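Colleague: Structure file my_file-v1.txt (compact mmCIF, C-alpha atoms) right here:
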```txt
# COMPACT_ATOMS: atom_id res chain seq x y z
CA MET A 1 -12.37 -33.40 9.68
CA ARG A 2 -13.85 -30.91 12.09
CA LEU A 3 -12.11 -27.92 13.60
CA ILE A 4 -13.08 -24.76 15.44
CA VAL A 5 -11.53 -21.51 14.23
CA ASN A 6 -12.41 -18.17 15.78
CA GLU A 7 -15.40 -19.75 17.53
CA GLN A 8 -16.81 -21.08 14.29
CA THR A 9 -16.98 -24.79 13.44
CA TYR A 10 -15.67 -25.93 10.07
CA GLU A 11 -15.76 -29.27 8.31
CA VAL A 12 -12.83 -29.81 5.95
CA ASP A 13 -11.97 -32.70 3.68
CA VAL A 14 -8.18 -32.72 3.73
CA GLU A 15 -5.36 -35.15 4.47
CA PRO A 16 -4.44 -35.38 8.16
CA GLU A 17 -0.82 -34.41 7.41
CA MET A 18 -1.84 -31.06 5.96
CA PRO A 19 -0.34 -28.22 8.04
CA LEU A 20 -2.89 -26.18 9.98
CA LEU A 21 -1.66 -23.04 8.18
CA TRP A 22 -2.60 -24.53 4.82
CA VAL A 23 -6.02 -25.52 6.07
CA LEU A 24 -6.60 -22.00 7.38
CA ARG A 25 -5.33 -20.17 4.31
CA ASP A 26 -6.16 -22.47 1.41
CA ALA A 27 -9.16 -24.46 2.62
CA LEU A 28 -10.90 -21.86 4.82
CA GLY A 29 -9.66 -18.61 3.22
CA ILE A 30 -8.46 -17.22 6.57
CA THR A 31 -5.41 -15.35 5.34
CA GLY A 32 -4.32 -13.31 8.38
CA PRO A 33 -1.75 -15.96 9.39
CA LYS A 34 1.08 -15.70 6.87
CA TYR A 35 3.30 -18.27 5.21
CA GLY A 36 6.92 -17.36 5.84
CA CYS A 37 9.32 -20.27 6.10
CA GLY A 38 7.09 -23.32 6.42
CA ILE A 39 9.39 -24.90 9.03
CA ALA A 40 8.48 -23.07 12.27
CA GLN A 41 11.52 -20.81 12.10
CA CYS A 42 10.02 -17.34 11.47
CA GLY A 43 6.73 -17.04 13.36
CA ALA A 44 4.68 -15.35 10.63
CA CYS A 45 2.09 -18.17 10.84
CA THR A 46 1.60 -17.98 14.62
CA VAL A 47 -1.95 -18.69 15.84
CA HIS A 48 -3.37 -19.84 19.16
CA VAL A 49 -4.44 -23.44 19.67
CA GLY A 50 -6.25 -23.91 22.94
CA GLY A 51 -5.08 -20.41 23.91
CA LYS A 52 -1.38 -21.10 23.36
CA ALA A 53 0.77 -19.66 20.57
CA VAL A 54 1.85 -22.29 18.04
CA ARG A 55 3.46 -22.20 14.60
CA SER A 56 0.57 -23.27 12.42
CA CYS A 57 2.86 -24.28 9.55
CA ALA A 58 4.27 -27.05 11.72
CA VAL A 59 1.02 -28.39 13.22
CA GLN A 60 -0.56 -31.22 11.27
CA ILE A 61 -4.30 -30.84 11.12
CA GLY A 62 -4.75 -34.47 12.17
CA GLU A 63 -2.93 -33.72 15.44
CA LEU A 64 -4.83 -30.55 16.25
CA ASN A 65 -5.89 -30.65 19.90
CA GLY A 66 -7.84 -27.49 20.57
CA ALA A 67 -9.79 -24.58 19.23
CA VAL A 68 -7.88 -22.24 16.92
CA THR A 69 -7.75 -18.46 17.20
CA THR A 70 -6.18 -16.44 14.41
CA ILE A 71 -5.40 -12.72 14.27
CA GLU A 72 -8.90 -12.22 12.82
CA GLY A 73 -10.41 -13.86 15.89
CA LEU A 74 -8.26 -11.92 18.36
CA GLY A 75 -9.81 -8.60 17.40
CA THR A 76 -11.22 -6.73 14.44
CA PRO A 77 -10.64 -3.17 13.18
CA GLU A 78 -13.94 -2.22 14.87
CA ASN A 79 -13.26 -4.17 18.06
CA LEU A 80 -9.52 -4.27 18.68
CA HIS A 81 -7.75 -6.50 21.18
CA ALA A 82 -5.54 -4.56 23.63
CA VAL A 83 -2.40 -5.79 21.88
CA GLN A 84 -3.69 -4.62 18.49
CA GLU A 85 -4.60 -1.25 20.00
CA ALA A 86 -1.08 -0.86 21.33
CA TRP A 87 0.34 -1.99 17.97
CA ILE A 88 -1.57 0.78 16.19
CA GLU A 89 -0.75 3.45 18.78
CA HIS A 90 2.94 2.61 18.48
CA GLN A 91 2.73 2.35 14.67
CA VAL A 92 4.62 -0.94 14.82
CA ALA A 93 3.89 -2.36 11.40
CA GLN A 94 6.02 -1.43 8.44
CA CYS A 95 5.42 -3.98 5.69
CA GLY A 96 3.30 -5.82 8.25
CA TYR A 97 3.83 -9.33 6.92
CA CYS A 98 5.11 -10.74 10.22
CA GLN A 99 2.85 -8.68 12.46
CA ALA A 100 -0.08 -11.09 12.76
CA GLY A 101 2.38 -13.60 14.18
CA GLN A 102 4.04 -11.00 16.40
CA ILE A 103 0.69 -9.94 17.83
CA MET A 104 -0.43 -13.52 18.48
CA SER A 105 2.84 -14.26 20.30
CA ALA A 106 2.53 -11.06 22.34
CA ALA A 107 -1.09 -11.85 23.27
CA ASP A 108 -0.02 -15.31 24.43
CA LEU A 109 2.83 -13.83 26.50
CA LEU A 110 0.55 -11.32 28.22
CA SER A 111 -2.03 -13.97 29.01
CA ARG A 112 0.67 -15.83 30.98
CA VAL A 113 2.86 -12.94 32.20
CA PRO A 114 0.82 -9.80 32.84
CA ASP A 115 3.84 -7.59 33.57
CA PRO A 116 6.78 -8.91 31.54
CA SER A 117 10.32 -7.61 31.90
CA ASP A 118 12.42 -6.67 28.87
CA THR A 119 14.13 -10.05 29.12
CA GLN A 120 10.83 -11.90 29.25
CA ILE A 121 9.56 -9.92 26.25
CA ASP A 122 12.73 -10.64 24.30
CA GLN A 123 12.56 -14.34 25.18
CA ALA A 124 8.93 -14.68 24.21
CA MET A 125 9.23 -12.64 21.02
CA SER A 126 12.72 -13.58 19.80
CA ALA A 127 11.47 -16.38 17.56
CA ASN A 128 9.18 -14.03 15.64
CA LEU A 129 11.36 -12.52 12.95
CA CYS A 130 10.80 -9.09 11.39
CA ARG A 131 12.81 -8.17 8.34
CA CYS A 132 11.80 -4.51 8.64
CA GLY A 133 13.39 -4.48 12.09
CA THR A 134 10.43 -3.23 14.08
CA TYR A 135 11.72 -4.84 17.29
CA PRO A 136 12.08 -1.64 19.36
CA ARG A 137 8.47 -0.68 18.61
CA ILE A 138 7.31 -4.24 19.28
CA ARG A 139 8.86 -4.10 22.73
CA ALA A 140 7.31 -0.70 23.44
CA ALA A 141 3.91 -1.90 22.20
CA VAL A 142 4.06 -5.07 24.33
CA LYS A 143 4.66 -2.91 27.40
CA ALA A 144 1.81 -0.58 26.50
CA ALA A 145 -0.43 -3.59 25.85
CA ALA A 146 0.54 -5.06 29.23
CA VAL A 147 -0.74 -1.92 30.95
CA LYS A 148 -3.99 -2.15 28.95
CA VAL A 149 -4.46 -5.85 29.69
CA ARG A 150 -3.84 -5.34 33.42
CA GLY A 151 -6.24 -2.40 33.45
CA ALA A 152 -8.95 -4.31 31.61
CA MET B 1 1.78 24.72 -38.19
CA SER B 2 3.35 21.33 -38.66
CA VAL B 3 4.27 19.25 -35.66
CA ALA B 4 7.91 19.59 -36.65
CA GLY B 5 7.55 23.36 -36.68
CA LYS B 6 6.48 23.31 -33.05
CA ILE B 7 9.57 21.51 -31.86
CA ALA B 8 11.30 23.64 -29.28
CA ARG B 9 15.05 23.56 -29.04
CA ARG B 10 15.05 21.46 -25.89
CA GLY B 11 12.61 19.00 -27.35
CA PHE B 12 14.65 18.81 -30.52
CA LEU B 13 17.76 18.04 -28.53
CA LEU B 14 15.93 15.32 -26.63
CA ALA B 15 14.60 13.75 -29.81
CA SER B 16 18.00 13.89 -31.49
CA ALA B 17 19.71 12.33 -28.50
CA ALA B 18 17.04 9.70 -28.36
CA VAL B 19 17.67 8.70 -31.95
CA ALA B 20 21.41 8.65 -31.33
CA GLY B 21 20.78 6.42 -28.35
CA GLY B 22 18.72 3.99 -30.41
CA VAL B 23 15.25 5.08 -29.33
CA ALA B 24 13.14 7.13 -31.70
CA PHE B 25 9.80 8.62 -30.85
CA GLY B 26 7.98 11.83 -31.63
CA VAL B 27 8.35 14.91 -29.52
CA TRP B 28 4.62 15.41 -29.53
CA ALA B 29 4.06 11.97 -28.06
CA VAL B 30 6.64 12.65 -25.36
CA ARG B 31 4.93 15.87 -24.37
CA ASN B 32 1.34 14.74 -24.59
CA PRO B 33 0.03 13.58 -21.21
CA HIS B 34 -1.26 10.04 -20.81
CA ARG B 35 -5.01 9.78 -20.49
CA ASN B 36 -6.64 9.52 -17.07
CA PRO B 37 -7.45 5.85 -16.37
CA LEU B 38 -10.01 6.79 -13.71
CA VAL B 39 -12.37 8.11 -16.37
CA GLN B 40 -13.63 4.61 -17.19
CA ASP B 41 -14.60 3.99 -13.55
CA THR B 42 -16.14 7.40 -12.99
CA GLY B 43 -19.88 7.50 -13.50
CA GLU B 44 -22.28 10.29 -14.19
CA GLY B 45 -22.28 12.87 -11.41
CA GLU B 46 -18.87 11.70 -10.20
CA ALA B 47 -15.69 13.68 -10.75
CA THR B 48 -12.09 12.80 -11.51
CA PHE B 49 -9.75 15.75 -11.95
CA ASN B 50 -6.60 13.79 -12.77
CA PRO B 51 -5.35 10.21 -12.45
CA TRP B 52 -4.95 10.56 -8.66
CA VAL B 53 -8.21 12.03 -7.39
CA GLN B 54 -11.78 10.81 -7.68
CA VAL B 55 -14.70 12.40 -5.84
CA THR B 56 -18.19 10.93 -5.78
CA ALA B 57 -21.25 11.63 -3.68
CA SER B 58 -20.26 8.74 -1.39
CA GLY B 59 -16.60 9.48 -0.89
CA ILE B 60 -13.14 10.55 -1.97
CA THR B 61 -10.60 8.11 -3.39
CA LEU B 62 -6.94 8.89 -3.81
CA ILE B 63 -4.73 6.76 -6.03
CA ALA B 64 -1.30 5.86 -4.69
CA PRO B 65 0.33 3.89 -7.49
CA HIS B 66 3.71 3.36 -5.83
CA ALA B 67 3.86 -0.03 -4.12
CA GLU B 68 3.77 -0.06 -0.34
CA LYS B 69 6.61 -2.24 0.92
CA GLY B 70 6.70 -1.06 4.49
CA GLN B 71 8.40 2.21 3.62
CA GLY B 72 5.14 4.07 4.31
CA VAL B 73 4.68 5.43 0.81
CA PHE B 74 1.02 4.37 0.71
CA SER B 75 0.33 7.03 3.33
CA THR B 76 2.86 9.59 2.11
CA GLN B 77 1.39 9.66 -1.40
CA ALA B 78 -2.03 10.29 0.13
CA ALA B 79 -0.55 13.01 2.35
CA LEU B 80 0.92 14.85 -0.65
CA ILE B 81 -2.52 15.02 -2.25
CA ALA B 82 -4.36 15.70 1.01
CA GLU B 83 -2.01 18.56 1.90
CA GLU B 84 -3.02 20.66 -1.10
CA MET B 85 -6.58 19.40 -1.22
CA ASP B 86 -7.22 20.17 2.46
CA LEU B 87 -8.51 16.69 3.21
CA GLU B 88 -9.16 15.58 6.73
CA TRP B 89 -6.53 12.90 7.41
CA GLY B 90 -7.99 9.44 6.99
CA SER B 91 -11.39 10.64 5.75
CA PHE B 92 -10.79 9.12 2.34
CA ASP B 93 -9.99 5.81 0.68
CA VAL B 94 -6.62 5.13 -0.86
CA SER B 95 -6.26 2.68 -3.72
CA PHE B 96 -3.20 1.42 -5.53
CA GLY B 97 -5.17 2.06 -8.71
CA MET B 98 -4.81 0.07 -11.86
CA PRO B 99 -1.82 -0.38 -14.14
CA ALA B 100 -1.88 2.61 -16.50
CA PRO B 101 0.69 4.68 -18.41
CA ALA B 102 -0.54 7.81 -16.58
CA TYR B 103 1.28 6.53 -13.51
CA TRP B 104 4.65 6.38 -15.23
CA ASN B 105 7.55 7.01 -12.88
CA THR B 106 8.98 10.47 -13.65
CA ALA B 107 12.05 9.95 -11.48
CA LEU B 108 13.25 6.42 -12.17
CA GLY B 109 14.36 7.04 -15.77
CA GLY B 110 16.76 9.79 -14.77
CA ALA B 111 18.16 7.60 -12.03
CA ALA B 112 18.67 4.78 -14.55
CA ALA B 113 21.03 6.87 -16.71
CA PRO B 114 24.54 5.52 -16.09
CA PHE B 115 26.03 8.58 -14.40
CA LEU B 116 26.64 9.57 -10.82
CA SER B 117 23.78 11.70 -9.54
CA ARG B 118 26.14 14.58 -8.75
CA ASP B 119 27.39 14.70 -12.36
CA GLN B 120 25.40 17.57 -13.87
CA GLY B 121 27.35 17.73 -17.14
CA THR B 122 25.76 18.05 -20.58
CA LEU B 123 25.83 14.39 -21.55
CA PRO B 124 24.39 13.08 -18.23
CA THR B 125 21.69 15.75 -18.38
CA ILE B 126 20.73 14.80 -21.92
CA MET B 127 20.77 11.08 -21.12
CA ARG B 128 18.59 11.58 -18.04
CA GLY B 129 16.13 13.45 -20.26
CA VAL B 130 16.19 10.64 -22.80
CA MET B 131 15.70 7.93 -20.18
CA THR B 132 12.88 9.91 -18.57
CA SER B 133 11.19 10.32 -21.96
CA ALA B 134 11.56 6.60 -22.59
CA PHE B 135 9.90 5.82 -19.24
CA LYS B 136 7.05 8.12 -20.19
CA MET B 137 6.66 6.61 -23.66
CA LEU B 138 6.64 3.12 -22.20
CA GLY B 139 4.23 4.25 -19.48
CA ALA B 140 6.61 2.52 -17.09
CA MET B 141 5.27 2.34 -13.55
CA GLY B 142 7.74 1.34 -10.92
CA THR B 143 8.66 1.54 -7.26
CA GLY B 144 12.31 1.37 -6.36
CA GLY B 145 15.59 3.18 -6.19
CA SER B 146 14.15 5.67 -3.69
CA SER B 147 12.25 7.21 -6.61
CA SER B 148 8.73 7.35 -5.11
CA MET B 149 9.12 10.73 -3.45
CA PRO B 150 11.13 12.38 -6.26
CA ASP B 151 8.40 11.15 -8.62
CA SER B 152 5.47 12.16 -6.42
CA PHE B 153 6.59 15.24 -4.55
CA VAL B 154 5.41 17.85 -7.05
CA LYS B 155 2.89 16.00 -9.18
CA LEU B 156 0.71 14.66 -6.35
CA ARG B 157 0.58 18.04 -4.64
CA ALA B 158 -0.34 19.54 -8.02
CA ALA B 159 -3.06 16.89 -8.36
CA GLY B 160 -4.48 17.87 -4.97
CA ALA B 161 -4.26 21.58 -5.73
CA SER B 162 -6.03 21.13 -9.05
CA ALA B 163 -8.81 19.15 -7.40
CA ARG B 164 -9.20 21.77 -4.66
CA GLU B 165 -9.43 24.67 -7.09
CA THR B 166 -11.87 22.83 -9.32
CA LEU B 167 -14.11 22.04 -6.36
CA LYS B 168 -13.99 25.72 -5.41
CA LEU B 169 -15.07 26.64 -8.92
CA ALA B 170 -17.98 24.24 -8.60
CA ALA B 171 -18.98 25.74 -5.26
CA ALA B 172 -18.67 29.30 -6.61
CA ALA B 173 -21.04 28.46 -9.45
CA ALA B 174 -23.48 26.54 -7.24
CA TYR B 175 -23.73 29.21 -4.53
CA ASP B 176 -23.13 32.27 -6.76
CA VAL B 177 -20.12 33.57 -4.89
CA ALA B 178 -16.65 34.65 -6.04
CA VAL B 179 -13.98 31.93 -6.04
CA ALA B 180 -11.60 34.33 -4.31
CA ASP B 181 -13.94 34.45 -1.29
CA LEU B 182 -13.90 30.68 -0.79
CA ARG B 183 -11.68 28.72 1.59
CA THR B 184 -11.18 25.00 2.00
CA ALA B 185 -10.58 22.91 5.12
CA ASN B 186 -11.28 19.37 6.34
CA SER B 187 -12.65 18.13 3.01
CA HIS B 188 -15.10 21.05 2.77
CA VAL B 189 -15.41 24.26 0.79
CA ILE B 190 -16.23 27.09 3.19
CA LEU B 191 -18.53 29.81 1.86
CA PRO B 192 -18.13 33.49 2.84
CA ASP B 193 -21.12 33.14 5.20
CA GLY B 194 -19.41 30.25 7.01
CA ARG B 195 -21.44 27.43 5.54
CA GLU B 196 -19.34 24.32 4.94
CA ILE B 197 -20.03 22.31 1.79
CA PRO B 198 -18.55 18.78 1.73
CA TYR B 199 -16.46 18.01 -1.34
CA THR B 200 -18.64 14.97 -1.91
CA ALA B 201 -21.69 17.21 -2.30
CA LEU B 202 -19.86 19.10 -5.06
CA ALA B 203 -18.85 16.03 -7.05
CA GLU B 204 -21.68 16.27 -9.53
CA ALA B 205 -21.17 19.99 -10.17
CA ALA B 206 -17.39 19.58 -10.40
CA ALA B 207 -17.73 16.76 -12.91
CA GLY B 208 -18.94 19.24 -15.51
CA ILE B 209 -16.01 21.63 -15.07
CA ALA B 210 -12.66 21.41 -16.84
CA PRO B 211 -10.06 20.79 -14.10
CA VAL B 212 -8.08 23.87 -13.15
CA GLY B 213 -4.45 23.53 -14.21
CA ASP B 214 -1.21 25.20 -13.16
CA VAL B 215 -2.22 25.98 -9.58
CA ALA B 216 0.64 27.48 -7.56
CA LEU B 217 1.70 25.07 -4.82
CA ARG B 218 1.72 26.17 -1.20
CA ASP B 219 4.89 27.21 0.54
CA PRO B 220 6.16 24.51 2.92
CA SER B 221 5.63 26.91 5.83
CA ALA B 222 1.87 26.54 5.22
CA TRP B 223 1.91 22.72 5.35
CA LYS B 224 -0.27 21.08 7.96
CA LEU B 225 0.43 17.40 7.22
CA LEU B 226 3.74 17.08 5.41
CA GLY B 227 6.70 17.14 7.73
CA THR B 228 4.63 16.13 10.74
CA ASP B 229 4.23 12.73 12.41
CA MET B 230 1.22 11.05 10.83
CA MET B 231 -0.63 7.87 11.67
CA ARG B 232 0.02 5.57 8.72
CA LEU B 233 -3.25 4.65 7.06
CA ASP B 234 -2.56 0.93 6.62
CA VAL B 235 -1.40 0.12 10.15
CA PRO B 236 -4.87 -0.91 11.45
CA ALA B 237 -5.26 -3.38 8.57
CA LYS B 238 -1.73 -4.66 9.10
CA SER B 239 -2.48 -5.16 12.81
CA THR B 240 -5.71 -7.07 12.32
CA GLY B 241 -4.86 -9.48 9.50
CA THR B 242 -7.24 -7.66 7.17
CA LEU B 243 -4.79 -6.34 4.59
CA THR B 244 -4.72 -8.32 1.36
CA TYR B 245 -1.15 -9.22 0.41
CA GLY B 246 -0.18 -10.70 -2.93
CA ILE B 247 -0.03 -14.17 -1.37
CA ASP B 248 -3.64 -13.75 -0.14
CA VAL B 249 -5.16 -13.14 -3.55
CA ALA B 250 -7.30 -16.02 -4.77
CA VAL B 251 -7.92 -16.28 -8.48
CA GLU B 252 -10.62 -18.46 -9.99
CA GLY B 253 -9.23 -21.91 -10.71
CA MET B 254 -5.96 -21.16 -8.92
CA LYS B 255 -4.02 -24.19 -7.67
CA HIS B 256 -1.78 -24.32 -4.62
CA ALA B 257 1.38 -26.34 -5.06
CA ALA B 258 4.34 -27.26 -2.95
CA VAL B 259 7.42 -29.35 -3.48
CA ARG B 260 7.52 -32.59 -1.54
CA THR B 261 11.09 -33.39 -0.59
CA ASN B 262 12.73 -36.14 1.42
CA GLY B 263 14.51 -33.78 3.77
CA TRP B 264 17.95 -34.67 2.39
CA PHE B 265 19.99 -31.92 0.72
CA HIS B 266 19.66 -32.58 -2.97
CA GLU B 267 18.91 -31.15 -6.38
CA VAL B 268 15.83 -31.73 -8.48
CA TYR B 269 16.48 -31.77 -12.19
CA ALA B 270 13.00 -32.24 -13.51
CA LEU B 271 9.46 -32.42 -12.29
CA ASP B 272 6.56 -33.37 -14.46
CA SER B 273 2.93 -33.59 -13.52
CA PRO B 274 -0.25 -33.22 -15.56
CA ASN B 275 -0.53 -29.61 -14.40
CA MET B 276 3.01 -28.43 -14.08
CA SER B 277 6.42 -28.85 -15.54
CA VAL B 278 9.58 -27.46 -14.01
CA SER B 279 12.86 -28.13 -15.70
CA TYR B 280 15.34 -27.39 -12.95
CA PHE B 281 15.37 -26.05 -9.44
CA TRP B 282 17.12 -26.38 -6.16
CA ALA B 283 15.49 -27.84 -3.13
CA TYR B 284 16.85 -28.66 0.27
```
Just dump the structure as structure tokens.
Modeller:
Amino acid sequence: MRLIVNEQTYEVDVEPEMPLLWVLRDALGITGPKYGCGIAQCGACTVHVGGKAVRSCAVQIGELNGAVTTIEGLGTPENLHAVQEAWIEHQVAQCGYCQAGQIMSAADLLSRVPDPSDTQIDQAMSANLCRCGTYPRIRAAVKAAAVKVRGA
Amino acid sequence: MSVAGKIARRGFLLASAAVAGGVAFGVWAVRNPHRNPLVQDTGEGEATFNPWVQVTASGITLIAPHAEKGQGVFSTQAALIAEEMDLEWGSFDVSFGMPAPAYWNTALGGAAAPFLSRDQGTLPTIMRGVMTSAFKMLGAMGTGGSSSMPDSFVKLRAAGASARETLKLAAAAAYDVAVADLRTANSHVILPDGREIPYTALAEAAAGIAPVGDVALRDPSAWKLLGTDMMRLDVPAKSTGTLTYGIDVAVEGMKHAAVRTNGWFHEVYALDSPNMSVSYFWAY
């Protein structure tokens, strides 16, 4: 089976029912997306498929219909995406386990809604859970990222 | 003099209480520090002054043995060392280190004694001493019970201060100046003529010097880092998917397993496969 992750093509020999998250983490060693609940309820595994945020734990690899971008493909420590920049400036992460998913959801939101209201932010981000409770900083960072994205 | 003859009254009390409480160990062993585990990873020309600081020609590594769980202690431990050592914030590596008795938790034992923290009576005081000694004897590392800062607050600053003073000694010898005329700032020793010598350039010289002990700690009014807002050191890694969590560690020959269920609330009593046997667990 062939898939594109972070602009690189991979060939994997796995069953078509295997969740995308497992392919990324276990077959390809791309560990930025995290396993949280396994049933699309927490958002820790969020990646982009064809530019849209999806829960990779609930996407079967056989049904994959686009190129995958993970947190590693969004930006690197040396070349940060605007959302990651804002995340660092606002010191959002505490334990950080959910943050790859949070950032991928936020990047998807800003690609569709360049200037989101609080309500739009809450709606887009409410399905990404954070046990540390970083929500106020997430909202502030999304707004700061929106300014960066619009300015870019 | 015999070991027994050296027993101070306080130590004797501790040992007696320990025996009464069912734990017996020598006073000498309780007092003797654990050895520095960094020594085995420190090569020729590289210096380690204590279990928390290693300086080589290529960089400075601080050991932060308390587990980072989002409470920020990875950065705070580094800040305690950096404060006394005059390190430029972020200009060093931080490592969790390796499991070693030297990193025993000095605060958790006292907290584990079954008394309210405000009870400063004789028995609670003795029991806290006994529990603390037991943690030391066991070399018990641990993160929990809000013990990271009580454990680290003095000893990590002392570790930084000792490293700083030892590096100054090395610079004094190398440049033939009096230690009293040296200052430190931004990971450098500053000579009387203003020249700034990076700590890393002094690693080799410092490696041959016995670390300076019992350095007086700075008054909080002189702190530059502690008590201020700091950028946490692990936030960039946590924002780019580049931090290695426990779940991300791959071990040679490791298998990934998951339970296949039929989606109906039920119990599993036994599971046997060639590789795995589980006697009882819930699944739903």
Colleague: Could you check how far atom CA of Ala250 of chain B sits from atom CA of Glu78 of chain A, in Å to one decimal?
Modeller: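 Separation of atom CA of Ala250 of chain B and atom CA of Glu78 of chain A: 24.9 Å.
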Colleague: Go through B:Arg260, B:Arg157, B:Lys69, B:Arg183 one by one, measure the shortest atom-to-atom distance of each to chain A using all atoms listed in the file, and give the residue with the smallest value.
Modeller: B:Lys69
Colleague: From (-5.6, -27.5, 22.2), in the file's coordinates, out to 12 Å: which residues are reached, counting all atoms listed in the file? Answer as a PyMOL selection string.
Modeller: chain A and resi 3-5+47-54+59+61+63-69
Colleague: If you count only C-alpha atoms, which residues fall within 8 Å of segment 85-100 of chain B, apart from same-chain ones fewer than 3 positions away, as a list in words?
Modeller: Pro37, Gly59, Ile60, Thr61, Leu62, Ile63, Ala64, Pro65, His66, Ala67, Phe74, Ala78, Ala79, Ile81, Ala82, Tyr103, Trp104, Gly139, Met141, Gly160, Ala161, Ala163, Arg164, Thr184, Ala185, Asn186, Ser187, His188 and Leu233 of chain B
Colleague: For the residues in the current selection, export C-alpha atoms as a tab-separated table (two decimals), in the frame of the given file.
Modeller:
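Final output, part.tsv:
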```
chain	number	residue	atom	x	y	z
B	37	PRO	CA	-7.45	5.85	-16.37
B	59	GLY	CA	-16.60	9.48	-0.89
B	60	ILE	CA	-13.14	10.55	-1.97
B	61	THR	CA	-10.60	8.11	-3.39
B	62	LEU	CA	-6.94	8.89	-3.81
B	63	ILE	CA	-4.73	6.76	-6.03
B	64	ALA	CA	-1.30	5.86	-4.69
B	65	PRO	CA	0.33	3.89	-7.49
B	66	HIS	CA	3.71	3.36	-5.83
B	67	ALA	CA	3.86	-0.03	-4.12
B	74	PHE	CA	1.02	4.37	0.71
B	78	ALA	CA	-2.03	10.29	0.13
B	79	ALA	CA	-0.55	13.01	2.35
B	81	ILE	CA	-2.52	15.02	-2.25
B	82	ALA	CA	-4.36	15.70	1.01
B	103	TYR	CA	1.28	6.53	-13.51
B	104	TRP	CA	4.65	6.38	-15.23
B	139	GLY	CA	4.23	4.25	-19.48
B	141	MET	CA	5.27	2.34	-13.55
B	160	GLY	CA	-4.48	17.87	-4.97
B	161	ALA	CA	-4.26	21.58	-5.73
B	163	ALA	CA	-8.81	19.15	-7.40
B	164	ARG	CA	-9.20	21.77	-4.66
B	184	THR	CA	-11.18	25.00	2.00
B	185	ALA	CA	-10.58	22.91	5.12
B	186	ASN	CA	-11.28	19.37	6.34
B	187	SER	CA	-12.65	18.13	3.01
B	188	HIS	CA	-15.10	21.05	2.77
B	233	LEU	CA	-3.25	4.65	7.06
```
Colleague: Find the spatial neighbours of Ala146 of chain A, counting all atoms listed in the file, within a cut-off of 7 Å - ignore same-chain residues fewer than 2 positions away - and output them as a list in words.
Modeller: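 The filter keeps Leu110, Pro114, Asp115, Val142, Lys143, Ala144, Lys148, Val149 and Arg150 of chain A.
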Colleague: Quick one: everything within 8 Å of segment 122-139 of chain A, counting all atoms listed in the file, minus sequence neighbours fewer than 4 positions away in the same chain. Send it as a ChimeraX atom specification.
Modeller: /A:41-44,87,90-95,98,101-102,105-106,109,118,143 /B:70
Colleague: Take atom CA of Asp193 of chain B and atom CA of Leu167 of chain B and report the distance between them in Å, one decimal.
Modeller: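 Computed distance, atom CA of Asp193 of chain B to atom CA of Leu167 of chain B, equals 17.5 Å.
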Colleague: For chain B, which residues have at least one atom within 7 Å of chain A, if we go by all atoms listed in the file? Write them as number ranges by chain, please.
Modeller: B: 69-72, 235-236, 238-242, 248
Colleague: Atom CA of Leu38 of chain B to atom CA of Gln54 of chain B: how many Å, to one decimal?
Modeller: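 Rounded to one decimal, the two atoms are 7.5 Å apart.
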Colleague: If you count all atoms listed in the file, which residues fall within 9 Å of Leu28 of chain A, apart from same-chain ones fewer than 4 positions away, as a VMD selection string?
Modeller: chain A and resid 10 12 22 to 24
Colleague: When distances are computed from only C-alpha atoms, which of B:Ile209, B:Ala102, B:Leu243, B:Ala237 shows the smallest separation from Lys155 of chain B?
Modeller: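 Under the stated criterion, the closest residue is B:Ala102.
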Colleague: Taking (-4.8, 14.4, -9.7) as a centre in this file's frame and 8 Å as the limit, can you find every polymer residue with an atom that close, using only C-alpha atoms, and give them as a PyMOL selection string?
Modeller: chain B and resi 48-53+81+155-156+158-160+162-163
